[in-house]
Amino acid sequence: MQESYDVVVVGAGPGGSSTARSAAEHGAEVLLLEKRSEIGAPKRCGEGLSVRALAELGIEAHPRWCVNGIWGAKIVAPGGKSLEVRYPEQVGWVIERKMFDKHLALLAARAGAEVRARCEVVGVLKQGSRVTGVVVESGGERFEVEAKVVVAADGVESKVARWAGINSLHRLEDVDSAYQYEMVVELEDSDMLELYFGNSIAPRGYVWVFPKGEDVANVGIGIGGNVSQGTAKAYLDRWIANSRYRGGSVIEVNAGAVPVGAPLEKLVGDGIMLVGDAAHQVNAIHGGGVFEATFAGRIAGRVAAEAVRQGDASERFLSRYAEEWRSLRGEALARIYRLRRAVEKLSDDDLNYLAEVLEPEDVVAFANGERLGKLAKILMRKPHLILAAKELM
Ligand SMILES: Cc1cc2nc3c(=O)[nH]c(=O)nc-3n(C[C@H](O)[C@H](O)[C@H](O)COP(=O)(O)OP(=O)(O)OC[C@H]3O[C@@H](n4cnc5c(N)ncnc54)[C@H](O)[C@@H]3O)c2cc1C
């Protein structure tokens, strides 16, 4: 490892690897640091990713991590009514995150970035308010690495941004608590996602069953920590005990936090950029962040390399990333956050009512921040839902 680089990226999740790859492709000398011994493991993910997302990211599906094709979804309301949508073509994948994250790191390395696992960043170097590098701990040693640009891609628990002076703390009501078992189970349809809603099942969230093959699935839950009566594990165990998956073998347990707030306002400072979960760049309605982190990383890496080329890593220059990202993804994510605010006002009766009047395709569109005007109109039909509808206007 050298003493100085153009760009140092902290965290080799999808956001960090994508940033490192993009910065290296645009000519920067890049170091990508990951604190874990194995990139991607243990996973903290339901591992759902759409075909559209991969295409938009320009990443070719690879059989090593694209483990199961998905053709639609079954969405179950609290009262049991099921909305099923099956598309004429494959629309998604359940991936193997351990392999996917490694694959993205490999692409970064192939583009010229230096990738180092088991290197934890424990502080940042600063001159005044400008970030000038990082402090690294690895194998019992501590050393400093200088950088023209540091990228905080260190996930939901990001510390790098805070060390840099950017308040990236999540509000309690904007974090979901998630728990998941990878299970051997008997599946009805191994090419369909299953989603279960209800305030007693998963307050402000949902239970998911994402099949990874004929008889294996990620069975997980996300709940609003501040609106629940117990832990995510307790809710999930209760749901499984009453489901057809009762008694399935557990081959992996995953737990984690999902940021479901609005994207952070401040994404850059002098010499510092924030990407992915660290920047709260997540779909607040379904909690998906792999696409968002990878997409943002591509822009961040290019702008970081441009900043290095022009000798200007000021907040002003790096804001090009924030502006471009906001116009391409930020506005959509802000809309989706408003949808989350509306949905959390709905009782089980309201959810059952929506299951009666909505088409399954509507629900999929809403989750992507589309057709929200239609949802607002439907909510307006019920006087007690006018407040929820207003969130969407
Ligand atoms: C239970 C659960 C289920 C989910 N399901 C889905 C899903 O199905 N689909 C989807 O799209 N999204 C899902 N998500 C969200 C998704 O996992 C995240 O949004 C995504 O991983 C964000 O990528 P990232 O690169 O920003 O952060 P991360 O993937 O969290 O990567 C951050 C990396 O930084 C490293 N790091 C942290 N601190 C340091 C440090 N100081 N020094 C060096 N390295 C450091 C970490 O070890 C980690 O590898 C789920 C999340 C959870 C918790």
# chains A, B, ... in the order shown; residues from 1 in each chain; ligands from 1
>>> select_by_dssp(residues="stretch 3-191 of chain A", states="strand (DSSP E)", output="count of residues only")
75
>>> residues_near_ligand(ligand="ligand 1", cutoff="6 Å", atoms="only C-alpha atoms and all ligand atoms", output="ChimeraX atom specification")
/A:10-16,33-36,44-49,119-122,153-156,178-180,255-258,276-278,282,287-291,293
>>> residues_around(residues="A:Lys148", least_positions_apart="3", cutoff="8 Å", atoms="only C-alpha atoms", output="PyMOL selection string")
chain A and resi 5-7+132-133+271+308+313
>>> write_last_selection(atoms="all heavy atoms", output="short mmCIF file (atom, residue, chain, number, x, y, z; two decimals), in the first residue's frame")
data_model
loop_
_atom_site.label_atom_id
_atom_site.label_comp_id
_atom_site.auth_asym_id
_atom_site.auth_seq_id
_atom_site.Cartn_x
_atom_site.Cartn_y
_atom_site.Cartn_z
N TYR A 5 -2.88 8.40 -2.30
CA TYR A 5 -3.68 8.03 -3.49
C TYR A 5 -4.50 9.25 -3.91
O TYR A 5 -4.72 10.16 -3.12
CB TYR A 5 -4.64 6.88 -3.16
CG TYR A 5 -3.94 5.57 -2.90
CD1 TYR A 5 -3.35 5.32 -1.66
CD2 TYR A 5 -3.85 4.59 -3.88
CE1 TYR A 5 -2.70 4.13 -1.40
CE2 TYR A 5 -3.20 3.39 -3.64
CZ TYR A 5 -2.63 3.17 -2.40
OH TYR A 5 -1.97 1.99 -2.16
N ASP A 6 -5.00 9.18 -5.13
CA ASP A 6 -5.95 10.23 -5.55
C ASP A 6 -7.25 10.09 -4.76
O ASP A 6 -7.78 11.04 -4.20
CB ASP A 6 -6.28 10.10 -7.05
CG ASP A 6 -5.10 10.41 -7.94
OD1 ASP A 6 -4.21 11.17 -7.49
OD2 ASP A 6 -5.05 9.90 -9.07
N VAL A 7 -7.77 8.86 -4.75
CA VAL A 7 -9.09 8.62 -4.15
C VAL A 7 -8.99 7.42 -3.20
O VAL A 7 -8.50 6.36 -3.62
CB VAL A 7 -10.16 8.32 -5.24
CG1 VAL A 7 -11.52 8.08 -4.61
CG2 VAL A 7 -10.22 9.45 -6.27
N THR A 132 -8.24 15.06 4.25
CA THR A 132 -7.02 14.86 3.45
C THR A 132 -6.53 13.42 3.47
O THR A 132 -5.47 13.12 2.92
CB THR A 132 -5.88 15.78 3.96
OG1 THR A 132 -5.67 15.47 5.35
CG2 THR A 132 -6.22 17.24 3.81
N GLY A 133 -7.28 12.53 4.13
CA GLY A 133 -6.85 11.13 4.14
C GLY A 133 -7.55 10.34 5.23
O GLY A 133 -8.52 10.82 5.83
N GLY A 271 -13.14 17.59 0.10
CA GLY A 271 -12.36 16.35 0.09
C GLY A 271 -13.13 15.10 0.50
O GLY A 271 -12.53 14.05 0.68
N VAL A 308 -9.86 15.28 -9.21
CA VAL A 308 -8.41 15.05 -9.11
C VAL A 308 -7.71 15.64 -10.34
O VAL A 308 -6.71 16.35 -10.23
CB VAL A 308 -8.12 13.52 -8.99
CG1 VAL A 308 -6.64 13.24 -9.16
CG2 VAL A 308 -8.65 12.99 -7.65
N ALA A 313 -10.70 19.52 -5.27
CA ALA A 313 -11.59 18.59 -4.55
C ALA A 313 -12.42 19.34 -3.53
O ALA A 313 -12.76 18.82 -2.46
CB ALA A 313 -10.77 17.49 -3.89
#
>>> residues_around(residues="stretch 314-323 of chain A", least_positions_apart="6", cutoff="8 Å", atoms="only C-alpha atoms", output="compact mmCIF listing (two decimals) with all heavy atoms, in the first residue's frame")
# COMPACT_ATOMS: atom_id res chain seq x y z
N LEU A 267 -24.28 15.68 0.71
CA LEU A 267 -23.60 14.48 0.22
C LEU A 267 -22.10 14.67 0.04
O LEU A 267 -21.38 13.70 -0.21
CB LEU A 267 -24.21 14.04 -1.12
CG LEU A 267 -25.69 13.65 -1.12
CD1 LEU A 267 -26.15 13.27 -2.52
CD2 LEU A 267 -25.93 12.49 -0.17
N VAL A 268 -21.64 15.91 0.14
CA VAL A 268 -20.21 16.18 -0.07
C VAL A 268 -19.72 17.29 0.86
O VAL A 268 -20.49 18.09 1.36
CB VAL A 268 -19.93 16.63 -1.54
CG1 VAL A 268 -20.24 15.53 -2.52
CG2 VAL A 268 -20.71 17.89 -1.89
N GLY A 269 -18.42 17.30 1.08
CA GLY A 269 -17.75 18.39 1.78
C GLY A 269 -16.39 18.56 1.12
O GLY A 269 -16.10 17.90 0.10
N ASP A 270 -15.54 19.38 1.69
CA ASP A 270 -14.20 19.54 1.10
C ASP A 270 -13.43 18.23 1.23
O ASP A 270 -13.14 17.77 2.35
CB ASP A 270 -13.44 20.66 1.82
CG ASP A 270 -13.99 22.03 1.46
OD1 ASP A 270 -14.55 22.17 0.35
OD2 ASP A 270 -13.89 22.95 2.30
N GLY A 271 -13.14 17.59 0.10
CA GLY A 271 -12.36 16.35 0.09
C GLY A 271 -13.13 15.10 0.50
O GLY A 271 -12.53 14.05 0.68
N ILE A 272 -14.45 15.19 0.62
CA ILE A 272 -15.23 14.03 1.09
C ILE A 272 -16.54 13.89 0.32
O ILE A 272 -17.19 14.88 0.01
CB ILE A 272 -15.50 14.12 2.62
CG1 ILE A 272 -16.38 12.98 3.13
CG2 ILE A 272 -16.17 15.44 2.99
CD1 ILE A 272 -15.61 11.80 3.58
N MET A 273 -16.89 12.62 0.01
CA MET A 273 -18.16 12.32 -0.66
C MET A 273 -18.83 11.15 0.07
O MET A 273 -18.13 10.27 0.59
CB MET A 273 -17.92 11.89 -2.11
CG MET A 273 -17.07 12.85 -2.88
SD MET A 273 -16.56 12.17 -4.49
CE MET A 273 -17.88 12.79 -5.52
N ILE A 299 -21.53 7.61 -10.38
CA ILE A 299 -21.42 9.07 -10.56
C ILE A 299 -20.31 9.62 -9.67
O ILE A 299 -19.47 10.41 -10.10
CB ILE A 299 -22.76 9.76 -10.22
CG1 ILE A 299 -23.91 9.17 -11.01
CG2 ILE A 299 -22.66 11.27 -10.46
CD1 ILE A 299 -25.28 9.66 -10.56
N ALA A 300 -20.32 9.17 -8.40
CA ALA A 300 -19.34 9.70 -7.44
C ALA A 300 -17.92 9.43 -7.92
O ALA A 300 -17.05 10.31 -7.84
CB ALA A 300 -19.58 9.06 -6.07
N VAL A 303 -16.97 11.79 -10.80
CA VAL A 303 -16.75 13.18 -10.36
C VAL A 303 -15.46 13.27 -9.53
O VAL A 303 -14.70 14.24 -9.66
CB VAL A 303 -17.98 13.70 -9.58
CG1 VAL A 303 -17.69 15.05 -8.94
CG2 VAL A 303 -19.20 13.80 -10.50
N ALA A 304 -15.19 12.24 -8.71
CA ALA A 304 -13.95 12.26 -7.90
C ALA A 304 -12.74 12.30 -8.83
O ALA A 304 -11.78 13.06 -8.60
CB ALA A 304 -13.91 11.03 -7.00
N ALA A 307 -12.38 15.68 -10.33
CA ALA A 307 -11.86 16.63 -9.32
C ALA A 307 -10.34 16.50 -9.21
O ALA A 307 -9.63 17.51 -9.14
CB ALA A 307 -12.53 16.35 -7.97
>>> closest_residue(among="A:Ala241, A:Leu346, A:Val250, A:Ile166", to="A:Leu264", atoms="only C-alpha atoms")
A:Ile166
>>> closest_atom_pairs(of="stretch 220-267 of chain A", to="stretch 170-173 of chain A", cutoff="10 Å", atoms="only C-alpha atoms", output="CSV")
residue,atom,partner,partner_atom,distance
A:Gly224,CA,A:Glu173,CA,7.0
A:Gly225,CA,A:Glu173,CA,7.2
A:Asn226,CA,A:Glu173,CA,5.8
A:Val227,CA,A:Glu173,CA,8.1
A:Pro259,CA,A:His170,CA,7.2
A:Val260,CA,A:Glu173,CA,8.5
A:Gly261,CA,A:His170,CA,7.6
A:Ala262,CA,A:His170,CA,9.7
A:Leu264,CA,A:His170,CA,9.3
>>> write_last_selection(atoms="N, CA, C and O atoms", output="PDB file, in the first residue's frame")
ATOM      1  N   GLY A 224     -40.529  -1.142  11.660  1.00  0.00           N
ATOM      2  CA  GLY A 224     -40.150   0.169  12.184  1.00  0.00           C
ATOM      3  C   GLY A 224     -39.833   0.010  13.661  1.00  0.00           C
ATOM      4  O   GLY A 224     -40.719  -0.321  14.445  1.00  0.00           O
ATOM      5  N   GLY A 225     -38.572   0.212  14.029  1.00  0.00           N
ATOM      6  CA  GLY A 225     -38.149  -0.013  15.410  1.00  0.00           C
ATOM      7  C   GLY A 225     -38.956   0.804  16.411  1.00  0.00           C
ATOM      8  O   GLY A 225     -39.221   0.353  17.523  1.00  0.00           O
ATOM      9  N   ASN A 226     -39.361   2.016  15.990  1.00  0.00           N
ATOM     10  CA  ASN A 226     -40.032   2.916  16.940  1.00  0.00           C
ATOM     11  C   ASN A 226     -41.538   2.670  17.021  1.00  0.00           C
ATOM     12  O   ASN A 226     -42.217   3.271  17.846  1.00  0.00           O
ATOM     13  N   VAL A 227     -42.090   1.790  16.187  1.00  0.00           N
ATOM     14  CA  VAL A 227     -43.549   1.576  16.201  1.00  0.00           C
ATOM     15  C   VAL A 227     -43.888   0.111  16.495  1.00  0.00           C
ATOM     16  O   VAL A 227     -45.009  -0.315  16.278  1.00  0.00           O
ATOM     17  N   PRO A 259     -31.811   1.907   6.455  1.00  0.00           N
ATOM     18  CA  PRO A 259     -32.228   3.311   6.495  1.00  0.00           C
ATOM     19  C   PRO A 259     -33.441   3.512   5.594  1.00  0.00           C
ATOM     20  O   PRO A 259     -33.393   3.151   4.418  1.00  0.00           O
ATOM     21  N   VAL A 260     -34.530   4.046   6.146  1.00  0.00           N
ATOM     22  CA  VAL A 260     -35.724   4.258   5.312  1.00  0.00           C
ATOM     23  C   VAL A 260     -36.185   5.713   5.394  1.00  0.00           C
ATOM     24  O   VAL A 260     -37.376   6.009   5.284  1.00  0.00           O
ATOM     25  N   GLY A 261     -35.234   6.612   5.611  1.00  0.00           N
ATOM     26  CA  GLY A 261     -35.561   8.032   5.644  1.00  0.00           C
ATOM     27  C   GLY A 261     -35.378   8.654   4.269  1.00  0.00           C
ATOM     28  O   GLY A 261     -35.171   7.958   3.272  1.00  0.00           O
ATOM     29  N   ALA A 262     -35.442   9.976   4.240  1.00  0.00           N
ATOM     30  CA  ALA A 262     -35.191  10.689   2.983  1.00  0.00           C
ATOM     31  C   ALA A 262     -33.678  10.719   2.760  1.00  0.00           C
ATOM     32  O   ALA A 262     -32.915  10.651   3.720  1.00  0.00           O
ATOM     33  N   LEU A 264     -29.964  11.944   2.382  1.00  0.00           N
ATOM     34  CA  LEU A 264     -29.270  13.016   3.097  1.00  0.00           C
ATOM     35  C   LEU A 264     -29.165  14.258   2.200  1.00  0.00           C
ATOM     36  O   LEU A 264     -28.943  14.142   1.004  1.00  0.00           O
TER      37      LEU A 264
END
>>> residues_around(residues="A:Ala232", least_positions_apart="3", cutoff="7 Å", atoms="only C-alpha atoms", output="number ranges by chain")
A: 177-179, 221-223, 235-236
>>> write_last_selection(atoms="N, CA and C atoms", output="CSV table (one decimal), in the first residue's frame")
chain,number,residue,atom,x,y,z
A,177,SER,N,-35.6,-2.1,11.5
A,177,SER,CA,-34.8,-3.2,12.0
A,177,SER,C,-35.2,-4.5,11.3
A,178,ALA,N,-34.1,-5.2,10.8
A,178,ALA,CA,-34.4,-6.3,9.9
A,178,ALA,C,-33.8,-7.6,10.5
A,179,TYR,N,-34.5,-8.7,10.2
A,179,TYR,CA,-34.0,-10.0,10.7
A,179,TYR,C,-34.3,-11.0,9.6
A,221,ILE,N,-37.8,-10.2,7.7
A,221,ILE,CA,-38.7,-9.1,8.1
A,221,ILE,C,-38.0,-7.8,8.3
A,222,GLY,N,-38.7,-6.7,8.0
A,222,GLY,CA,-38.3,-5.4,8.3
A,222,GLY,C,-39.4,-4.7,9.1
A,223,ILE,N,-39.1,-4.1,10.3
A,223,ILE,CA,-40.1,-3.4,11.0
A,223,ILE,C,-39.6,-2.1,11.5
A,235,TYR,N,-41.0,-10.9,15.9
A,235,TYR,CA,-42.1,-10.8,14.9
A,235,TYR,C,-41.9,-11.9,13.9
A,236,LEU,N,-40.7,-12.1,13.4
A,236,LEU,CA,-40.5,-13.1,12.3
A,236,LEU,C,-40.7,-14.5,12.8
>>> closest_atom_pairs(of="stretch 212-281 of chain A", to="stretch 66-80 of chain A", cutoff="9 Å", atoms="only C-alpha atoms", output="CSV")
residue,atom,partner,partner_atom,distance
A:Lys212,CA,A:Asn68,CA,5.3
A:Gly213,CA,A:Asn68,CA,5.6
A:Glu214,CA,A:Asn68,CA,8.7
>>> closest_residue(among="A:Ile285, A:Ala279, A:Leu187, A:Ala111", to="A:His26", atoms="only C-alpha atoms")
A:Ala111
>>> atom_distance(atom1="atom CA of A:Val150", atom2="atom CA of A:Ala296")
15.1 Å
>>> atom_distance(atom1="atom CA of A:Trp93", atom2="atom CA of A:Leu195")
15.5 Å
>>> closest_residue(among="A:Leu328, A:Ala388, A:Ala234, A:Ala24", to="A:Lys345", atoms="only C-alpha atoms")
A:Ala388
>>> closest_residue(among="A:Arg97, A:Gln2, A:Ser82, A:Leu107", to="A:Glu60", atoms="only C-alpha atoms")
A:Leu107
>>> decode(residues="stretch 129-140 of chain A", atoms="N, CA, C and O atoms", output="compact mmCIF listing (two decimals), in the first residue's frame")
# COMPACT_ATOMS: atom_id res chain seq x y z
N SER A 129 -11.24 22.14 7.80
CA SER A 129 -12.44 21.32 7.56
C SER A 129 -12.25 20.39 6.36
O SER A 129 -13.13 19.61 6.03
N ARG A 130 -11.10 20.48 5.70
CA ARG A 130 -10.86 19.65 4.51
C ARG A 130 -10.34 18.27 4.90
O ARG A 130 -9.39 18.14 5.68
N VAL A 131 -10.96 17.23 4.34
CA VAL A 131 -10.51 15.86 4.60
C VAL A 131 -9.33 15.57 3.68
O VAL A 131 -9.41 15.79 2.46
N THR A 132 -8.24 15.06 4.25
CA THR A 132 -7.02 14.86 3.45
C THR A 132 -6.53 13.42 3.47
O THR A 132 -5.47 13.12 2.92
N GLY A 133 -7.28 12.53 4.13
CA GLY A 133 -6.85 11.13 4.14
C GLY A 133 -7.55 10.34 5.23
O GLY A 133 -8.52 10.82 5.83
N VAL A 134 -7.04 9.13 5.47
CA VAL A 134 -7.67 8.25 6.46
C VAL A 134 -6.61 7.62 7.35
O VAL A 134 -5.44 7.50 6.97
N VAL A 135 -7.05 7.19 8.53
CA VAL A 135 -6.19 6.40 9.43
C VAL A 135 -6.69 4.96 9.34
O VAL A 135 -7.89 4.71 9.44
N VAL A 136 -5.75 4.04 9.10
CA VAL A 136 -6.14 2.65 8.84
C VAL A 136 -5.55 1.73 9.91
O VAL A 136 -4.41 1.95 10.36
N GLU A 137 -6.31 0.72 10.30
CA GLU A 137 -5.79 -0.33 11.18
C GLU A 137 -5.88 -1.66 10.46
O GLU A 137 -6.95 -2.00 9.93
N SER A 138 -4.77 -2.38 10.44
CA SER A 138 -4.78 -3.69 9.77
C SER A 138 -3.72 -4.57 10.40
O SER A 138 -2.57 -4.14 10.55
N GLY A 139 -4.11 -5.79 10.77
CA GLY A 139 -3.16 -6.75 11.35
C GLY A 139 -2.40 -6.18 12.53
O GLY A 139 -1.20 -6.41 12.65
N GLY A 140 -3.08 -5.39 13.37
CA GLY A 140 -2.44 -4.85 14.57
C GLY A 140 -1.62 -3.59 14.31
O GLY A 140 -1.05 -3.02 15.23
